[in-house]
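Before any comments, here is the structure.
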Amino acid sequence: MARMRQPRFKLCRRLGLNVVGHPKAMKRAGNGQSREDKKLSYYGMQLLEKQRLKAYYGVLEKQFSKYVYKAIKSDDVSGDALVKLLERRLDNLVYRMGFGSTLRQARQMVNHGHIAVNGKKVDIPSYIVSVGDKIELREKSREIQLFVDNFKANKDVNLPYISKDIDNFSGTLVSVPNIEDIPIQIDTQLIIEWYSK
């Protein structure tokens with residue numbers, strides 16, 4: 001499986017945005033020549049937003065372009081549809097629900113078969129979760145203290161499209177995410193314009 005392997009904090013500094021959610025990711029930002037010093041062309045702004053969104057969800061170009069074209073064909077406003085689609089990826093929801101402390105850890109949990117959707121093991125990180133689907137830590141995986149600690153430490157999920165059941169180590173996607181509720185800072189219209197050339 002292809003995945004992003006470059007240093008995460010360096011990527012955040014290059015993109016000028018904390019795309020990995022680590023509190024120390026931007027600590028050294030501004031020590032060298034910052035992106036703010038350079039005046040970006042419109043093309044450059046489109047490219048930067050595309051790279052930021054890809055980094056947020058940890059997807060590579062080929063897979064990302066498939067999501068974009070799927071979003072363009074949908075009835076929803078294209079940019080919003082793209083983010084809603086990416087937000088419903090299984091690895092992302094495992095991270096949002098607090099099973100994994102980072103997106104990378106959440107993806108590894110899915111790959112290694114620790115997660116079940118509606119009672120069935122799913123080991124495909126790009127699996128698109130539907131509204132009403134129940135995501136849970138499998139019975140055997142509840143013996144791994146790291147996963148239990150992660151889930152209990154992140155018990156207060158403030159996202160309206162997710163509900164958590166702490167006692168049963170599970171969470172449910174209760175609705176399609178609204179673009180305003182998704183905790184990312186991206187101008188999706190620039191990305192759609194990039195692909196619409």
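Each chain in the structure tokens gets a letter, A, B, ..., in the order shown, and its residues are numbered from 1; ligands are numbered from 1 in order too.
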Who sits within 8 Å of range 79-89 of chain A, only C-alpha atoms, same chain under 5 positions skipped, as a list of chain:residue names: A:Tyr57, A:Tyr67, A:Val68, A:Lys70, A:Ala71, A:Ile72, A:Ser74, A:Pro125, A:Ser126, A:Tyr127, A:Ile128, A:Val129, A:Ser130, A:Val176, A:Pro177, A:Asn178, A:Ile179, A:Ile182, A:Thr188, A:Gln189, A:Ile191, A:Ile192
Could you give me, as an mmCIF file with C-alpha atoms, in the first residue's frame, the residues within 12 Å of Ile186 in chain A, counting only C-alpha atoms and dropping anything in the same chain fewer than 4 positions from it?
```
data_model
loop_
_atom_site.group_PDB
_atom_site.id
_atom_site.type_symbol
_atom_site.label_atom_id
_atom_site.label_comp_id
_atom_site.auth_asym_id
_atom_site.auth_seq_id
_atom_site.Cartn_x
_atom_site.Cartn_y
_atom_site.Cartn_z
ATOM 1 C CA LEU A 15 2.521 23.820 3.723
ATOM 2 C CA GLY A 16 2.293 26.571 6.359
ATOM 3 C CA LEU A 17 -0.442 24.676 8.227
ATOM 4 C CA ASN A 18 -0.592 22.013 10.941
ATOM 5 C CA VAL A 19 -2.015 19.168 8.848
ATOM 6 C CA MET A 45 -2.505 29.033 -4.298
ATOM 7 C CA GLN A 46 -4.502 26.289 -6.037
ATOM 8 C CA LEU A 47 -1.546 23.902 -5.821
ATOM 9 C CA LEU A 48 -0.942 24.734 -2.151
ATOM 10 C CA GLU A 49 -4.582 24.074 -1.179
ATOM 11 C CA LYS A 50 -4.523 20.763 -3.060
ATOM 12 C CA GLN A 51 -1.339 19.697 -1.244
ATOM 13 C CA ARG A 52 -2.786 20.737 2.120
ATOM 14 C CA LEU A 53 -5.982 18.714 1.692
ATOM 15 C CA LYS A 54 -4.038 15.658 0.508
ATOM 16 C CA ALA A 55 -1.799 15.942 3.581
ATOM 17 C CA TYR A 56 -4.760 16.356 5.975
ATOM 18 C CA GLY A 79 -15.624 21.397 -2.988
ATOM 19 C CA ASP A 80 -17.915 20.508 -0.098
ATOM 20 C CA LEU A 82 -14.907 16.360 -1.815
ATOM 21 C CA VAL A 83 -14.233 17.087 1.880
ATOM 22 C CA ILE A 179 -18.549 21.436 5.886
ATOM 23 C CA GLU A 180 -18.652 23.944 8.792
ATOM 24 C CA ILE A 182 -15.163 19.524 9.817
ATOM 25 C CA LEU A 190 -9.391 26.407 -5.505
ATOM 26 C CA ILE A 191 -8.869 22.627 -5.644
ATOM 27 C CA ILE A 192 -11.916 22.076 -7.869
#
```
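With only C-alpha atoms as the atoms that count, the minimum distance from Ala106 in chain A to the choices A:Asn118, A:Ser41, A:Asn92, A:Asn154 is reached by A:Asn92.
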Write out as a count of residues only each polymer residue whose atoms come within 7 Å of range 160-163 of chain A, counting only C-alpha atoms; drop sequence neighbours fewer than 6 positions from it. 7
Could you give me the residues within chain A that DSSP places in strand (DSSP E or B), as a ChimeraX atom specification? /A:89,115-117,120-121,128,134-137,162-165,170-173
Taking the DSSP secondary structure from the backbone, can you list the residues of chain A that are helix (DSSP H, G or I), as a ChimeraX atom specification? /A:8-15,35-37,42-57,61-73,78-87,90-96,103-111,140-143,145-153,179-181,188-195
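Note that the spacing between CA of Gly98 in chain A and CA of Asp187 in chain A amounts to 26.0 Å.
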Can you tell me, as a count of residues only, what residues are no more than 8 Å from Gly113 in chain A when counting only C-alpha atoms, ignoring any on the same chain fewer than 6 positions away? 3
Which residues come within 10 Å of Ser141 in chain A, counting only C-alpha atoms, excluding same-chain residues fewer than 6 positions away, as an MDAnalysis selection string? chainID A and resid 109 113:115 147:148
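One distance worth recording is that between CA of Leu93 in chain A and CA of Lys73 in chain A, which is 23.7 Å.
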Using CA of Arg13 in chain A and CA of Tyr95 in chain A as the two end points, give the distance in Å to one decimal. 22.2 Å
